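A.B. asks: To be precise about what I am sending: the file is called coords35.txt and holds compact mmCIF, C-alpha atoms.
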```
# COMPACT_ATOMS: atom_id res chain seq x y z
CA MET A 35 -9.97 34.99 -56.33
CA ARG A 36 -9.44 32.00 -58.59
CA PHE A 37 -6.61 29.65 -59.49
CA PHE A 38 -5.09 30.13 -62.92
CA SER A 39 -3.58 28.05 -65.67
CA PHE A 40 -0.36 29.66 -66.88
CA ARG A 41 -0.87 28.90 -70.56
CA ARG A 42 -4.51 29.95 -70.61
CA GLU A 43 -4.23 33.21 -68.68
CA PHE A 44 -1.09 34.67 -70.16
CA LYS A 45 -1.41 34.30 -73.90
CA LYS A 46 -2.26 37.99 -74.06
CA LYS A 47 0.69 40.27 -73.44
CA GLU A 48 0.35 42.39 -70.34
CA PHE A 49 2.94 44.56 -68.64
CA ARG A 50 3.59 43.07 -65.21
CA VAL A 51 5.53 44.35 -62.22
CA VAL A 52 6.74 41.73 -59.75
CA ILE A 53 7.02 43.01 -56.19
CA PHE A 54 9.13 41.09 -53.68
CA GLY A 55 9.22 41.85 -49.95
CA SER A 56 8.89 40.58 -46.41
CA ALA A 57 5.84 38.72 -45.11
CA ARG A 58 6.60 40.04 -41.60
CA ILE A 59 6.19 43.79 -42.09
CA LYS A 60 2.95 45.11 -40.55
CA LYS A 61 0.38 47.66 -41.72
CA ASN A 62 1.63 50.42 -39.44
CA ASP A 63 5.14 50.24 -40.93
CA LYS A 64 6.30 53.06 -43.22
CA MET A 65 7.44 50.59 -45.87
CA TYR A 66 4.04 48.86 -45.93
CA LYS A 67 2.42 52.19 -46.78
CA GLN A 68 5.01 52.94 -49.45
CA VAL A 69 4.55 49.58 -51.17
CA PHE A 70 0.76 50.01 -51.02
CA GLU A 71 1.02 53.41 -52.72
CA LEU A 72 3.51 52.17 -55.32
CA ALA A 73 1.24 49.26 -56.30
CA LYS A 74 -1.77 51.60 -56.42
CA GLN A 75 0.03 53.80 -58.93
CA ILE A 76 1.06 50.75 -60.98
CA GLY A 77 -2.60 49.75 -61.16
CA GLU A 78 -3.65 53.27 -62.18
CA MET A 79 -1.04 53.10 -64.94
CA GLY A 80 -2.77 50.04 -66.40
CA ALA A 81 -0.30 47.31 -65.44
CA GLU A 82 -0.59 44.07 -63.49
CA VAL A 83 1.15 43.25 -60.23
CA VAL A 84 2.62 39.89 -59.25
CA THR A 85 3.53 39.04 -55.65
CA GLY A 86 4.13 36.01 -53.49
CA GLY A 87 0.47 36.21 -52.50
CA GLY A 88 0.99 36.20 -48.74
CA PRO A 89 0.88 38.73 -45.87
CA GLY A 90 3.15 41.69 -45.08
CA LEU A 91 4.49 43.61 -48.06
CA MET A 92 2.88 41.12 -50.45
CA GLU A 93 -0.50 42.07 -48.99
CA ALA A 94 0.41 45.76 -49.20
CA ALA A 95 1.19 45.42 -52.90
CA ALA A 96 -1.95 43.39 -53.66
CA GLY A 97 -4.17 45.76 -51.66
CA GLY A 98 -2.69 48.86 -53.27
CA HIS A 99 -3.06 47.42 -56.75
CA GLU A 100 -6.65 46.42 -56.04
CA LYS A 101 -7.44 50.00 -55.03
CA GLY A 102 -5.74 51.36 -58.14
CA THR A 103 -7.66 49.10 -60.55
CA PRO A 104 -11.34 49.11 -59.51
CA LYS A 105 -12.74 49.33 -63.05
CA ASN A 106 -10.32 47.48 -65.34
CA ASN A 107 -9.21 43.95 -66.05
CA HIS A 108 -5.62 44.21 -64.87
CA HIS A 109 -5.02 41.43 -62.39
CA THR A 110 -3.39 41.18 -59.00
CA ILE A 111 -1.58 37.84 -59.23
CA GLY A 112 -0.33 35.79 -56.27
CA LEU A 113 2.20 32.97 -56.49
CA ASN A 114 1.68 31.27 -53.16
CA ILE A 115 4.03 28.73 -51.55
CA ARG A 116 2.96 25.96 -49.18
CA LEU A 117 4.59 26.58 -45.79
CA PRO A 118 3.82 25.51 -42.22
CA PHE A 119 3.93 29.19 -41.18
CA GLU A 120 3.47 32.75 -42.48
CA GLN A 121 2.36 32.07 -46.05
CA LYS A 122 -1.42 32.21 -46.34
CA PRO A 123 -3.01 33.94 -49.35
CA ASN A 124 -4.18 37.49 -48.73
CA LYS A 125 -7.71 38.61 -49.64
CA HIS A 126 -6.75 41.05 -52.42
CA LEU A 127 -5.72 38.54 -55.11
CA ASP A 128 -7.60 38.14 -58.39
CA LEU A 129 -5.58 35.14 -59.60
CA MET A 130 -3.52 32.68 -57.59
CA LYS A 131 -1.25 29.73 -58.24
CA GLU A 132 0.08 27.58 -55.40
CA PHE A 133 3.51 25.94 -55.44
CA LYS A 134 5.05 23.11 -53.49
CA HIS A 135 8.65 23.93 -54.46
CA PHE A 136 10.40 27.31 -54.30
CA SER A 137 12.28 26.58 -57.53
CA ASP A 138 9.07 26.30 -59.57
CA ARG A 139 7.72 29.45 -57.98
CA LEU A 140 10.90 31.40 -58.73
CA ASN A 141 10.79 30.29 -62.35
CA THR A 142 7.22 31.55 -62.67
CA PHE A 143 8.12 34.94 -61.20
CA THR A 144 10.81 35.40 -63.85
CA LYS A 145 8.48 34.29 -66.63
CA LEU A 146 5.85 36.85 -65.69
CA SER A 147 8.09 39.85 -64.99
CA ASN A 148 8.76 42.97 -67.04
CA VAL A 149 10.02 44.93 -64.05
CA ILE A 150 11.06 43.67 -60.62
CA VAL A 151 10.67 45.78 -57.48
CA VAL A 152 12.42 44.55 -54.34
CA ALA A 153 11.34 45.96 -50.98
CA PRO A 154 13.06 45.04 -47.68
CA GLY A 155 12.91 41.38 -46.73
CA GLY A 156 14.76 38.40 -45.34
CA ILE A 157 16.26 35.24 -46.81
CA GLY A 158 13.33 34.64 -49.17
CA THR A 159 13.49 38.15 -50.62
CA ILE A 160 17.27 37.96 -50.99
CA LEU A 161 16.90 34.63 -52.78
CA GLU A 162 14.36 36.19 -55.16
CA ILE A 163 16.54 39.14 -56.13
CA PHE A 164 19.67 37.01 -56.66
CA PHE A 165 17.78 34.38 -58.68
CA SER A 166 16.38 37.01 -61.05
CA TRP A 167 19.66 38.92 -61.17
CA GLN A 168 21.72 35.88 -62.11
CA LEU A 169 19.33 34.81 -64.87
CA MET A 170 19.80 38.25 -66.44
CA GLN A 171 23.56 38.11 -65.92
CA VAL A 172 23.82 34.87 -67.93
CA HIS A 173 21.18 35.98 -70.49
CA HIS A 174 18.65 33.28 -69.65
CA ILE A 175 15.96 35.96 -69.43
CA ASN A 176 15.60 39.40 -70.98
CA LYS A 177 17.25 42.40 -69.41
CA MET A 178 14.80 44.43 -67.33
CA PRO A 179 14.96 46.84 -64.38
CA ILE A 180 15.43 45.49 -60.87
CA ILE A 181 14.42 48.36 -58.58
CA CYS A 182 15.31 48.12 -54.90
CA ILE A 183 13.57 50.42 -52.43
CA GLY A 184 14.51 50.97 -48.79
CA GLU A 185 17.61 51.80 -46.77
CA MET A 186 18.42 48.10 -46.43
CA TRP A 187 19.43 47.91 -50.09
CA GLU A 188 21.61 51.02 -49.98
CA GLU A 189 23.73 49.29 -47.35
CA PHE A 190 23.60 46.00 -49.24
CA PHE A 191 25.05 47.50 -52.42
CA LYS A 192 27.77 49.24 -50.48
CA TRP A 193 28.76 45.75 -49.34
CA MET A 194 28.54 44.42 -52.93
CA ARG A 195 31.01 47.06 -54.05
CA LYS A 196 33.30 46.64 -51.06
CA TRP A 197 33.60 42.85 -51.31
CA PRO A 198 32.51 40.99 -54.49
CA LEU A 199 33.37 43.90 -56.85
CA ARG A 200 36.56 44.92 -55.11
CA LYS A 201 37.77 41.30 -55.06
CA LYS A 202 36.89 41.01 -58.78
CA LEU A 203 34.33 38.27 -58.11
CA ILE A 204 31.84 40.28 -60.19
CA GLU A 205 32.23 42.99 -62.81
CA GLU A 206 31.03 46.58 -62.73
CA ARG A 207 28.58 45.81 -65.52
CA ASP A 208 26.90 43.18 -63.30
CA LEU A 209 25.70 45.99 -61.05
CA GLU A 210 24.05 47.80 -63.94
CA TYR A 211 21.04 45.49 -63.80
CA VAL A 212 20.01 46.86 -60.39
CA VAL A 213 19.11 50.36 -59.23
CA VAL A 214 18.36 51.57 -55.71
CA ALA A 215 15.43 54.00 -55.70
CA LYS A 216 15.37 56.53 -52.89
CA ASN A 217 11.56 56.72 -52.93
CA ILE A 218 8.52 55.43 -54.80
CA LYS A 219 8.44 58.52 -57.03
CA GLN A 220 11.83 57.58 -58.39
CA ALA A 221 10.76 53.92 -58.70
CA MET A 222 7.65 54.92 -60.69
CA ARG A 223 9.71 56.96 -63.14
CA ILE A 224 11.70 53.83 -64.00
CA ILE A 225 8.56 51.67 -64.19
CA LYS A 226 6.80 54.16 -66.49
CA LYS A 227 9.83 54.31 -68.76
CA ALA A 228 9.85 50.50 -69.01
CA HIS A 229 6.08 50.48 -69.60
CA LYS A 230 6.43 52.97 -72.46
CA ALA A 231 9.16 50.87 -74.07
CA PHE A 232 6.98 47.76 -73.68
CA LYS A 233 4.08 49.38 -75.52
CA GLU A 234 6.30 50.79 -78.26
CA ASP A 235 8.17 47.52 -78.88
CA GLY A 236 5.03 45.54 -79.66
CA ALA A 237 6.01 42.05 -80.80
CA GLU A 238 9.56 42.59 -79.60
CA ALA A 239 8.52 43.43 -76.03
CA CYS A 240 10.04 41.48 -73.16
CA VAL A 241 8.17 38.18 -72.78
CA ASN A 242 10.27 35.95 -70.57
CA TRP A 243 7.83 33.07 -70.53
CA LYS A 244 8.79 32.44 -74.17
CA LYS A 245 12.51 32.81 -73.56
CA TYR A 246 13.12 31.04 -70.26
```
What is this structure when it is put down as structure tokens?

C.D. replies:
Amino acid sequence: MRFFSFRREFKKKEFRVVIFGSARIKKNDKMYKQVFELAKQIGEMGAEVVTGGGPGLMEAAAGGHEKGTPKNNHHTIGLNIRLPFEQKPNKHLDLMKEFKHFSDRLNTFTKLSNVIVVAPGGIGTILEIFFSWQLMQVHHINKMPIICIGEMWEEFFKWMRKWPLRKKLIEERDLEYVVVAKNIKQAMRIIKKAHKAFKEDGAEACVNWKKY
């Protein structure tokens, strides 16, 4: 693992999937195994994975991606945050950048992302999905899929429709940015579709670090 310079490392266009999720979910959890397998398939597809770099589901994603990319140059990238608890870098990262402030870290996630996958998590994960979602809503970054996996998000979007949408605090089109995948097979179909579009678009492909 080594620390990276944003400008130096990311001049070359690569398709990157950002995976958000809880640091507290353990290896024996069903969701840990699902995230591991999803990231493994992303690696096998020839794409890079970006996580928060820490334990739990971040470790699952980094470990899965590492297993899926043993013989290529597609990186597992960790954006670590300095905290007095929980957040220590996991051993599966190829590249890492450490942040003092959450705001800088969130900005870097959005700059690197072509697809966002959101697994179950707490306040930090909820912050990450809403930050990315709002930047797309106001066209500060390019439109891209936000894929939520896990029963938690099914209940969450029921609430979004019952309260913010019903009270006309958001519009129906605001919900179009986000999809809830019932399983990783469904999530991979969306990711592969976005990856195909990325390769076909060439110079017009989504590169948020130039836009935002």

A.B. asks: Compare A:Arg195, A:Lys74, A:Arg223, A:Lys230 by their minimum atom-to-atom distance to A:Lys101, counting all atoms listed in the file, and give me the closest one.

C.D. replies: A:Lys74

A.B. asks: Can you pull out every residue within 12 Å of stretch 216-218 of chain A, counting all atoms listed in the file, but drop anything in the same chain fewer than 5 positions away, and send it as a PyMOL selection string?

C.D. replies: chain A and resi 64-76+151-153+181-188+223-226

A.B. asks: Residues of stretch 39-82 of chain A that have any atom at most 8 Å from an atom of stretch 106-117 of chain A: could you tabulate them with the shortest-distance atom pair and the distance in Å to one decimal, using all atoms listed in the file, ordered by chain and increasing number, as CSV?

C.D. replies:
```
residue,atom,partner,partner_atom,distance
A:Gly77,CA,A:His108,CA,7.3
A:Gly80,CA,A:His108,CA,6.7
A:Ala81,CA,A:His108,CA,6.2
A:Glu82,CA,A:His108,CA,5.2
```

A.B. asks: Tell me which protein, DNA and RNA residues are within 9 Å of A:His229, counting only C-alpha atoms, leaving out same-chain ones fewer than 4 positions away, and put them as a ChimeraX atom specification.

C.D. replies: /A:49-50,79,81,148-149,224-225,233-234

A.B. asks: Which residues, protein or nucleic acid, reach to within 12 Å of (28.1, 36.1, -68.0) in the file's coordinates when using all atoms listed in the file, and can you give that as a PyMOL selection string?

C.D. replies: chain A and resi 167-174+203-205+207-208

A.B. asks: So what do you get for atom CA of A:Asn242 versus atom CA of A:Pro89, distance-wise?

C.D. replies: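 For atom CA of A:Asn242 relative to atom CA of A:Pro89, the distance reads 26.6 Å.
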
A.B. asks: With all atoms listed in the file counted, which protein, DNA or RNA residues have an atom no more than 12 Å from (11.1, 24.4, -53.9) in the file frame? Please answer as a list in words.

C.D. replies: Asn114, Ile115, Arg116, Leu117, Glu132, Phe133, Lys134, His135, Phe136, Ser137, Asp138, Arg139, Leu140, Asn141, Thr142, Gly158 and Leu161 of chain A

A.B. asks: Would you export the selected residues with C-alpha atoms as a short mmCIF file (atom, residue, chain, number, x, y, z; two decimals), in the frame of the given file, please?

C.D. replies:
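What follows is the written file again-v7.cif:
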```cif
data_model
loop_
_atom_site.label_atom_id
_atom_site.label_comp_id
_atom_site.auth_asym_id
_atom_site.auth_seq_id
_atom_site.Cartn_x
_atom_site.Cartn_y
_atom_site.Cartn_z
CA ASN A 114 1.68 31.27 -53.16
CA ILE A 115 4.03 28.73 -51.55
CA ARG A 116 2.96 25.96 -49.18
CA LEU A 117 4.59 26.58 -45.79
CA GLU A 132 0.08 27.58 -55.40
CA PHE A 133 3.51 25.94 -55.44
CA LYS A 134 5.05 23.11 -53.49
CA HIS A 135 8.65 23.93 -54.46
CA PHE A 136 10.40 27.31 -54.30
CA SER A 137 12.28 26.58 -57.53
CA ASP A 138 9.07 26.30 -59.57
CA ARG A 139 7.72 29.45 -57.98
CA LEU A 140 10.90 31.40 -58.73
CA ASN A 141 10.79 30.29 -62.35
CA THR A 142 7.22 31.55 -62.67
CA GLY A 158 13.33 34.64 -49.17
CA LEU A 161 16.90 34.63 -52.78
#
```

A.B. asks: Take atom CA of A:Thr85 and atom CA of A:Val52 and report the distance between them in Å, one decimal.

C.D. replies: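 So the two atoms, atom CA of A:Thr85 and atom CA of A:Val52, lie 5.9 Å apart.
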
A.B. asks: State, in Å with one decimal place, the distance from atom CA of A:Val84 to atom CA of A:Thr103.

C.D. replies: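 Going from atom CA of A:Val84 over to atom CA of A:Thr103 covers 13.9 Å.
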